[in-house]
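Structure file coords.txt (compact mmCIF, C-alpha atoms and all ligand atoms) follows.
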```
# COMPACT_ATOMS: atom_id res chain seq x y z
CA MET A 1473 1.06 -14.05 -5.21
CA ILE A 1474 -2.48 -13.18 -6.29
CA ILE A 1475 -3.98 -9.78 -5.48
CA ASP A 1476 -7.65 -9.25 -6.34
CA ILE A 1477 -9.03 -5.73 -6.00
CA LEU A 1478 -12.76 -5.11 -5.80
CA THR A 1479 -13.84 -1.58 -6.72
CA VAL A 1480 -16.62 0.54 -8.19
CA VAL A 1481 -14.08 2.59 -10.20
CA PRO A 1482 -11.63 0.12 -11.78
CA GLU A 1483 -10.32 2.87 -14.11
CA ILE A 1484 -8.47 4.58 -11.25
CA LEU A 1485 -6.30 1.50 -10.73
CA ASN A 1486 -5.19 0.89 -14.31
CA SER A 1487 -2.37 3.34 -14.51
CA PRO A 1488 -0.70 3.09 -11.05
CA LEU A 1489 -0.41 -0.69 -11.36
CA ASN A 1490 0.99 -0.74 -14.90
CA TYR A 1491 4.30 1.05 -14.54
CA SER A 1492 7.78 0.58 -13.21
CA ILE A 1493 8.46 -2.14 -10.64
CA VAL A 1494 4.84 -3.32 -10.41
CA LYS A 1495 4.58 -3.65 -14.19
CA ARG A 1496 7.81 -5.65 -14.33
CA ALA A 1497 6.71 -7.91 -11.47
CA ARG A 1498 3.44 -8.63 -13.29
CA GLU A 1499 5.26 -9.38 -16.55
CA ASN A 1500 7.63 -11.72 -14.70
CA ASN A 1501 4.64 -13.51 -13.08
CA LEU A 1502 5.75 -12.66 -9.55
CA VAL A 1503 2.28 -11.33 -8.95
CA GLU A 1504 -1.12 -11.60 -10.61
CA ILE A 1505 -3.23 -8.49 -10.05
CA ASN A 1506 -6.91 -8.49 -11.00
CA VAL A 1507 -9.10 -5.43 -10.82
CA ILE A 1508 -12.72 -6.50 -10.49
CA ASN A 1509 -15.75 -4.26 -10.93
CA LEU A 1510 -18.13 -4.56 -7.97
CA ARG A 1511 -20.98 -3.50 -10.25
CA ASP A 1512 -20.68 -6.82 -12.09
CA PHE A 1513 -22.15 -8.38 -8.94
CA ALA A 1514 -24.99 -5.87 -8.54
CA LYS A 1515 -28.54 -6.64 -9.60
CA GLY A 1516 -31.10 -4.66 -11.60
CA SER A 1517 -30.73 -2.51 -14.64
CA TYR A 1518 -29.09 0.24 -12.56
CA ARG A 1519 -26.57 -2.17 -11.04
CA GLN A 1520 -27.00 -0.34 -7.76
CA VAL A 1521 -24.17 -0.71 -5.22
CA ASP A 1522 -25.01 2.04 -2.71
CA ASP A 1523 -28.05 3.28 -0.83
CA TYR A 1524 -29.16 5.83 1.79
CA GLN A 1525 -28.11 5.16 5.36
CA TYR A 1526 -30.53 4.04 8.04
CA GLY A 1527 -31.06 6.68 10.68
CA GLY A 1528 -30.47 9.49 8.20
CA GLY A 1529 -27.34 11.46 7.49
CA ALA A 1530 -25.39 12.70 4.52
CA GLY A 1531 -23.68 10.28 2.17
CA MET A 1532 -24.48 6.94 0.59
CA VAL A 1533 -23.41 3.59 2.01
CA MET A 1534 -22.15 0.59 0.05
CA MET A 1535 -24.78 -2.16 0.18
CA PRO A 1536 -23.93 -5.57 1.63
CA GLU A 1537 -25.48 -7.81 -1.08
CA PRO A 1538 -23.22 -7.04 -4.09
CA ILE A 1539 -20.13 -7.16 -1.87
CA TYR A 1540 -21.21 -10.47 -0.33
CA ARG A 1541 -21.90 -11.96 -3.76
CA ALA A 1542 -18.57 -10.73 -5.11
CA ILE A 1543 -16.51 -11.90 -2.16
CA GLU A 1544 -18.18 -15.31 -1.97
CA THR A 1545 -17.72 -15.85 -5.73
CA LEU A 1546 -14.06 -14.82 -5.60
CA LYS A 1547 -13.41 -16.87 -2.45
CA GLN A 1548 -14.68 -19.99 -4.21
CA LYS A 1549 -12.63 -19.26 -7.30
CA ARG A 1550 -9.46 -18.73 -5.22
CA GLN A 1551 -10.26 -21.40 -2.64
CA GLY A 1552 -10.08 -18.77 0.07
CA TYR A 1553 -7.91 -15.73 0.81
CA ASP A 1554 -5.21 -15.20 3.43
CA GLU A 1555 -6.57 -11.73 4.15
CA ILE A 1556 -9.57 -9.73 2.96
CA ILE A 1557 -8.58 -6.09 3.33
CA PHE A 1558 -10.86 -3.07 3.39
CA THR A 1559 -9.38 0.38 2.69
CA THR A 1560 -10.94 2.98 4.95
CA PRO A 1561 -9.79 6.11 6.83
CA ASP A 1562 -10.97 4.57 10.12
CA GLY A 1563 -8.79 1.46 9.82
CA GLU A 1564 -5.42 0.70 11.45
CA THR A 1565 -2.63 2.88 10.07
CA TYR A 1566 -0.62 1.15 7.35
CA ASN A 1567 3.13 0.87 7.79
CA GLN A 1568 6.17 -1.07 6.56
CA GLN A 1569 5.64 -3.91 9.05
CA THR A 1570 2.17 -4.55 7.64
CA ALA A 1571 3.52 -4.32 4.08
CA ASN A 1572 6.18 -6.90 4.96
CA TYR A 1573 3.52 -9.21 6.39
CA PHE A 1574 1.19 -8.86 3.36
CA SER A 1575 4.13 -9.66 1.05
CA THR A 1576 4.44 -13.10 2.69
CA LEU A 1577 0.87 -14.07 1.75
CA ASP A 1578 -0.30 -16.04 -1.32
CA LYS A 1579 -3.76 -14.62 -1.94
CA ILE A 1580 -5.27 -11.36 -0.81
CA LEU A 1581 -8.43 -9.48 -1.70
CA ILE A 1582 -8.69 -5.71 -1.30
CA LEU A 1583 -12.13 -4.11 -1.12
CA CYS A 1584 -11.95 -0.40 -1.89
CA GLY A 1585 -14.22 1.71 0.27
CA HIS A 1586 -16.34 4.36 -1.41
CA TYR A 1587 -19.09 6.84 -0.62
CA LYS A 1588 -19.72 7.29 3.10
CA GLY A 1589 -18.50 3.80 3.86
CA VAL A 1590 -19.68 0.23 3.73
CA ASP A 1591 -22.51 -1.44 5.63
CA GLN A 1592 -21.05 -2.46 9.01
CA ARG A 1593 -22.18 -6.09 8.53
CA VAL A 1594 -19.64 -6.44 5.71
CA ARG A 1595 -16.91 -5.26 8.06
CA ASP A 1596 -18.09 -7.54 10.86
CA HIS A 1597 -18.43 -10.73 8.83
CA LEU A 1598 -16.35 -10.57 5.64
CA ILE A 1599 -13.35 -8.33 6.21
CA THR A 1600 -10.23 -9.52 8.06
CA ARG A 1601 -8.12 -6.30 8.01
CA GLU A 1602 -9.17 -2.65 7.88
CA ILE A 1603 -6.38 -0.40 6.63
CA SER A 1604 -5.96 3.38 6.49
CA ILE A 1605 -2.95 4.78 4.66
CA GLY A 1606 -2.88 7.92 6.80
CA ASP A 1607 -4.86 10.48 8.75
CA TYR A 1608 -6.56 12.22 5.84
CA VAL A 1609 -9.63 11.42 3.79
CA LEU A 1610 -9.44 10.36 0.14
CA SER A 1611 -12.41 10.34 -2.21
CA GLY A 1612 -12.25 6.56 -2.37
CA GLY A 1613 -10.16 3.61 -1.29
CA GLU A 1614 -8.67 2.95 -4.74
CA LEU A 1615 -5.59 5.10 -4.28
CA ALA A 1616 -5.07 3.49 -0.88
CA ALA A 1617 -5.30 0.05 -2.54
CA ALA A 1618 -2.72 1.16 -5.12
CA VAL A 1619 -0.41 2.27 -2.30
CA ILE A 1620 -0.77 -1.09 -0.56
CA VAL A 1621 -0.18 -3.09 -3.76
CA ASP A 1622 2.88 -1.05 -4.76
CA SER A 1623 4.48 -1.32 -1.33
CA VAL A 1624 3.82 -5.08 -1.19
CA VAL A 1625 4.88 -5.98 -4.73
CA ARG A 1626 8.31 -4.30 -4.42
CA LEU A 1627 9.00 -6.68 -1.51
CA LEU A 1628 8.35 -9.87 -3.50
CA PRO A 1629 11.57 -11.82 -4.13
CA GLY A 1630 12.87 -10.86 -7.58
CA ALA A 1631 10.76 -7.70 -7.92
CA LEU A 1632 13.74 -5.39 -7.51
CA GLY A 1633 16.82 -5.58 -9.70
CA ASN A 1634 20.33 -6.09 -8.38
CA SER A 1635 20.97 -2.37 -8.11
CA GLU A 1636 17.83 -1.88 -6.01
CA SER A 1637 17.18 -3.26 -2.56
CA ALA A 1638 14.11 -3.16 -0.38
CA LEU A 1639 16.33 -3.70 2.66
CA THR A 1640 17.79 -0.21 2.36
CA ASP A 1641 14.38 1.47 1.99
CA SER A 1642 13.41 4.03 4.59
CA PHE A 1643 11.43 2.40 7.45
CA GLN A 1644 12.86 -1.09 6.91
CA ASP A 1645 14.93 -0.47 10.07
CA ASN A 1646 12.73 2.35 11.39
CA LEU A 1647 15.29 4.89 10.15
CA LEU A 1648 14.84 7.34 7.29
CA SER A 1649 17.20 6.86 4.35
CA PRO A 1650 20.40 8.93 4.15
CA PRO A 1651 20.79 11.57 1.39
CA VAL A 1652 21.93 10.33 -2.02
CA TYR A 1653 23.86 12.10 -4.78
CA THR A 1654 24.85 11.44 -8.39
CA ARG A 1655 27.04 13.17 -10.97
CA PRO A 1656 28.21 15.88 -11.34
CA ALA A 1657 30.32 16.19 -8.20
CA GLU A 1658 29.75 19.93 -8.31
CA PHE A 1659 26.70 21.61 -9.83
CA ASN A 1660 25.93 25.30 -9.63
CA GLY A 1661 28.57 25.55 -6.91
CA TRP A 1662 26.68 22.92 -4.84
CA LYS A 1663 29.05 20.14 -3.85
CA VAL A 1664 28.59 16.45 -3.14
CA PRO A 1665 29.94 15.71 0.39
CA ASP A 1666 33.66 14.88 0.15
CA ILE A 1667 33.25 11.65 2.08
CA LEU A 1668 31.19 10.07 -0.74
CA LEU A 1669 34.08 10.67 -3.16
CA SER A 1670 36.71 9.34 -0.75
CA GLY A 1671 36.45 5.67 -1.72
CA ASN A 1672 36.60 4.75 1.97
CA GLN A 1673 33.61 2.40 2.14
CA LYS A 1674 33.69 1.96 5.92
CA ALA A 1675 33.73 5.72 6.52
CA ILE A 1676 30.93 6.15 3.95
CA GLU A 1677 28.70 3.60 5.72
CA GLU A 1678 29.35 5.34 9.06
CA TRP A 1679 28.48 8.70 7.53
CA ARG A 1680 25.27 7.28 6.02
CA LEU A 1681 24.19 5.87 9.36
CA GLU A 1682 24.91 9.20 11.10
CA GLN A 1683 22.87 11.02 8.45
CA SER A 1684 19.99 8.54 8.82
CA ILE A 1685 19.97 9.02 12.56
CA GLU A 1686 20.13 12.81 12.32
CA ARG A 1687 17.29 12.91 9.77
CA THR A 1688 15.12 10.55 11.77
CA LYS A 1689 15.58 12.55 15.00
CA ARG A 1690 14.79 15.81 13.24
CA ILE A 1691 11.96 14.81 10.89
CA ARG A 1692 10.40 11.81 12.66
CA PRO A 1693 11.09 12.05 16.40
CA ASP A 1694 8.21 9.57 16.91
CA LEU A 1695 10.12 6.90 14.95
CA TRP A 1696 13.33 7.67 16.81
CA GLU A 1697 11.65 7.23 20.19
CA LYS A 1698 10.22 3.89 19.13
CA LEU A 1699 13.69 2.77 18.06
CA ASP A 1700 15.15 3.85 21.40
CA LEU A 1701 12.64 1.73 23.33
CA ASP A 1702 12.97 -1.42 21.18
N1 LIG B 1801 -10.41 5.92 1.93
C1 LIG B 1801 -10.55 7.25 2.14
N2 LIG B 1801 -9.51 7.73 2.83
C2 LIG B 1801 -8.67 6.67 3.08
C3 LIG B 1801 -7.44 6.53 3.78
N3 LIG B 1801 -6.83 7.56 4.36
N4 LIG B 1801 -6.89 5.31 3.83
C4 LIG B 1801 -7.50 4.25 3.25
N5 LIG B 1801 -8.67 4.34 2.59
C5 LIG B 1801 -9.24 5.53 2.50
```
Let me see whether you can do it: turn the structure in this file into structure tokens.
Amino acid sequence: MIIDILTVVPEILNSPLNYSIVKRARENNLVEINVINLRDFAKGSYRQVDDYQYGGGAGMVMMPEPIYRAIETLKQKRQGYDEIIFTTPDGETYNQQTANYFSTLDKILILCGHYKGVDQRVRDHLITREISIGDYVLSGGELAAAVIVDSVVRLLPGALGNSESALTDSFQDNLLSPPVYTRPAEFNGWKVPDILLSGNQKAIEEWRLEQSIERTKRIRPDLWEKLDLD
């Protein structure tokens, strides 16, 4: 899979995409991730990428020309993308289903939103998916892009080791994960539930499912209702 990320602050993306599972997946060539500076496609000595908005109002807007030039250049180089994603708080809310779908694609481009937003013509003509990672506003779309990339890369076949499994992640079945424990069996007087020490695998799986259901009902009643209807 190839993931290209177009941004005005490439520095933000260096660290989150160079550790742990994502780092290993890159080293094992499961994914190629390229962080591209939008300013490289801007003209003039100032390499301007944003400008005042028509009609007035606070905040700068990302200009269409550098983005168009960047996307067209990259599209040619990649012979097209499966999706061109824009990270923005007014996009559709990101979830595990969308992550699963993105992980099946060969080539995606993520444009990170910045400033007040991007000229609407870019959204109308160049972008194929607009994604928000939640109902709050970040200073830029880079962290949202990092969230998308991390959640997608861990789903690529071979990204997780034998002891890890994406199938048991929270949300994969619309249930939250059950609690987990490790040694010692008693710490500070706090005990690991007896059932986990029982060796009875069937009873353990039943207990885990009960715990998942209880947690989901209590913490995410919205998820539980969805599950009930499906
Ligand atoms: N840019 C700013 N806030 C964002 C959000 N919540 N999701 C995606 N991109 C963003």
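Using only C-alpha atoms and all ligand atoms as the basis for the distance check, residues found within 6 Å of ligand LIG 1801 (chain B) are Thr1559, Thr1560, Pro1561, Gly1585, Ile1603, Ser1604, Ile1605, Gly1606, Asp1607, Tyr1608, Val1609, Leu1610, Ser1611, Gly1612, Gly1613 and Ala1616 of chain A.
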For this session: Tell me which protein, DNA and RNA residues are within 7 Å of range 1530-1541 of chain A, counting all atoms listed in the file, leaving out same-chain ones fewer than 4 positions away, and put them as a ChimeraX atom specification.
Result: /A:1510,1513-1514,1521-1525,1545,1587-1591,1594
Those residues with C-alpha atoms, as a PDB file, in the frame of the given file please?
```pdb
ATOM      1  CA  LEU A1510     -18.130  -4.560  -7.970  1.00  0.00           C
ATOM      2  CA  PHE A1513     -22.150  -8.380  -8.940  1.00  0.00           C
ATOM      3  CA  ALA A1514     -24.990  -5.870  -8.540  1.00  0.00           C
ATOM      4  CA  VAL A1521     -24.170  -0.710  -5.220  1.00  0.00           C
ATOM      5  CA  ASP A1522     -25.010   2.040  -2.710  1.00  0.00           C
ATOM      6  CA  ASP A1523     -28.050   3.280  -0.830  1.00  0.00           C
ATOM      7  CA  TYR A1524     -29.160   5.830   1.790  1.00  0.00           C
ATOM      8  CA  GLN A1525     -28.110   5.160   5.360  1.00  0.00           C
ATOM      9  CA  THR A1545     -17.720 -15.850  -5.730  1.00  0.00           C
ATOM     10  CA  TYR A1587     -19.090   6.840  -0.620  1.00  0.00           C
ATOM     11  CA  LYS A1588     -19.720   7.290   3.100  1.00  0.00           C
ATOM     12  CA  GLY A1589     -18.500   3.800   3.860  1.00  0.00           C
ATOM     13  CA  VAL A1590     -19.680   0.230   3.730  1.00  0.00           C
ATOM     14  CA  ASP A1591     -22.510  -1.440   5.630  1.00  0.00           C
ATOM     15  CA  VAL A1594     -19.640  -6.440   5.710  1.00  0.00           C
TER      16      VAL A1594
END
```
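Of the listed residues A:Arg1550, A:Arg1601, A:Lys1698, A:Arg1692, the one whose atoms come nearest to Ile1475 in chain A is A:Arg1550, with distances taken using all atoms listed in the file.
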For this session: May I have the residues within 8 Å of Asp1622 in chain A as a ChimeraX atom specification, using only C-alpha atoms and disregarding those fewer than 4 positions away in the same chain?
Result: /A:1489,1494,1618,1626
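One finds CA of Leu1485 in chain A at 21.9 Å from CA of Asp1554 in chain A.
Of the residues under consideration (A:Tyr1653, A:Leu1577, A:Ser1487, A:Leu1648), A:Leu1648 shows the shortest atom-to-atom contact distance to Pro1693 in chain A when counting only C-alpha atoms.
Computed from the coordinates, the CA of Leu1598 in chain A to CA of Asn1486 in chain A distance equals 25.6 Å.
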Exercise. Nearest to Glu1614 in chain A among A:Phe1659, A:Ile1508, A:Gly1552, A:Glu1544, with distances taken over only C-alpha atoms: which residue is it?
Worked result: A:Ile1508
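Reported to one decimal place, the separation of CA of Tyr1491 in chain A from CA of Asp1476 in chain A is 17.8 Å.
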Problem set entry | Close residues, Ile1599 in chain A itself excluded, 8 Å, all atoms listed in the file, min 3 positions apart in chain, as a VMD selection string | chain A and resid 1555 to 1558 1594 to 1596 1602
Same residues, C-alpha atoms, output as a PDB file, keeping the file's coordinate frame:
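So out-v5.pdb came out as:
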```pdb
ATOM      1  CA  GLU A1555      -6.570 -11.730   4.150  1.00  0.00           C
ATOM      2  CA  ILE A1556      -9.570  -9.730   2.960  1.00  0.00           C
ATOM      3  CA  ILE A1557      -8.580  -6.090   3.330  1.00  0.00           C
ATOM      4  CA  PHE A1558     -10.860  -3.070   3.390  1.00  0.00           C
ATOM      5  CA  VAL A1594     -19.640  -6.440   5.710  1.00  0.00           C
ATOM      6  CA  ARG A1595     -16.910  -5.260   8.060  1.00  0.00           C
ATOM      7  CA  ASP A1596     -18.090  -7.540  10.860  1.00  0.00           C
ATOM      8  CA  GLU A1602      -9.170  -2.650   7.880  1.00  0.00           C
TER       9      GLU A1602
END
```
Exercise. Looking at only C-alpha atoms, which of A:Leu1628, A:Ile1477, A:Leu1581, A:Leu1668 is the one that sits closest to Arg1496 in chain A?
Worked result: A:Leu1628
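A cut-off of 9 Å from the point (-0.3, -13.2, -0.3), with all atoms listed in the file, picks out the residues A:Met1473, A:Ile1474, A:Ile1475, A:Tyr1553, A:Asp1554, A:Glu1555, A:Tyr1573, A:Phe1574, A:Ser1575, A:Thr1576, A:Leu1577, A:Asp1578, A:Lys1579, A:Ile1580.
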Taking the structure I provided as the source, export range 1496-1518 of chain A with N, CA and C atoms, as a CSV table (one decimal), in the first residue's frame.
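As written to disk, selection_37.csv reads:
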```csv
chain,number,residue,atom,x,y,z
A,1496,ARG,N,7.5,-0.7,12.0
A,1496,ARG,CA,7.8,-2.1,11.6
A,1496,ARG,C,7.1,-2.4,10.2
A,1497,ALA,N,5.9,-1.9,10.0
A,1497,ALA,CA,5.2,-2.2,8.8
A,1497,ALA,C,6.0,-1.5,7.6
A,1498,ARG,N,6.5,-0.3,7.9
A,1498,ARG,CA,7.3,0.4,6.9
A,1498,ARG,C,8.6,-0.3,6.6
A,1499,GLU,N,9.3,-0.8,7.6
A,1499,GLU,CA,10.5,-1.5,7.4
A,1499,GLU,C,10.3,-2.8,6.7
A,1500,ASN,N,9.1,-3.5,6.9
A,1500,ASN,CA,8.8,-4.7,6.2
A,1500,ASN,C,8.2,-4.5,4.8
A,1501,ASN,N,8.1,-3.2,4.4
A,1501,ASN,CA,7.6,-2.9,3.1
A,1501,ASN,C,6.1,-3.3,2.9
A,1502,LEU,N,5.4,-3.3,4.0
A,1502,LEU,CA,3.9,-3.5,3.9
A,1502,LEU,C,3.3,-2.2,3.4
A,1503,VAL,N,3.9,-1.1,3.8
A,1503,VAL,CA,3.3,0.2,3.4
A,1503,VAL,C,4.5,1.1,3.1
A,1504,GLU,N,4.2,2.0,2.1
A,1504,GLU,CA,5.2,3.1,1.8
A,1504,GLU,C,4.5,4.4,2.2
A,1505,ILE,N,5.0,5.1,3.1
A,1505,ILE,CA,4.4,6.4,3.6
A,1505,ILE,C,5.3,7.6,3.2
A,1506,ASN,N,4.7,8.5,2.4
A,1506,ASN,CA,5.5,9.7,2.0
A,1506,ASN,C,4.9,10.9,2.5
A,1507,VAL,N,5.6,11.7,3.2
A,1507,VAL,CA,5.1,13.0,3.7
A,1507,VAL,C,5.6,14.1,2.7
A,1508,ILE,N,4.7,14.8,2.1
A,1508,ILE,CA,5.1,15.7,1.1
A,1508,ILE,C,4.7,17.2,1.5
A,1509,ASN,N,5.7,18.1,1.3
A,1509,ASN,CA,5.4,19.5,1.7
A,1509,ASN,C,4.7,20.2,0.6
A,1510,LEU,N,3.5,20.7,1.0
A,1510,LEU,CA,2.6,21.4,0.0
A,1510,LEU,C,3.4,22.7,-0.5
A,1511,ARG,N,4.2,23.3,0.3
A,1511,ARG,CA,4.9,24.5,-0.1
A,1511,ARG,C,5.9,24.2,-1.3
A,1512,ASP,N,6.3,23.0,-1.5
A,1512,ASP,CA,7.1,22.7,-2.6
A,1512,ASP,C,6.4,22.9,-3.9
A,1513,PHE,N,5.1,23.0,-3.9
A,1513,PHE,CA,4.2,23.3,-5.1
A,1513,PHE,C,3.7,24.7,-5.2
A,1514,ALA,N,4.2,25.5,-4.2
A,1514,ALA,CA,3.7,26.9,-4.2
A,1514,ALA,C,4.7,27.8,-5.0
A,1515,LYS,N,4.2,28.9,-5.5
A,1515,LYS,CA,5.0,29.7,-6.4
A,1515,LYS,C,5.5,31.0,-5.6
A,1516,GLY,N,6.4,31.7,-6.1
A,1516,GLY,CA,6.9,32.9,-5.5
A,1516,GLY,C,7.9,32.7,-4.4
A,1517,SER,N,8.6,33.8,-4.1
A,1517,SER,CA,9.7,33.6,-3.1
A,1517,SER,C,9.1,33.3,-1.7
A,1518,TYR,N,7.8,33.7,-1.5
A,1518,TYR,CA,7.2,33.4,-0.2
A,1518,TYR,C,6.6,32.0,-0.1
```
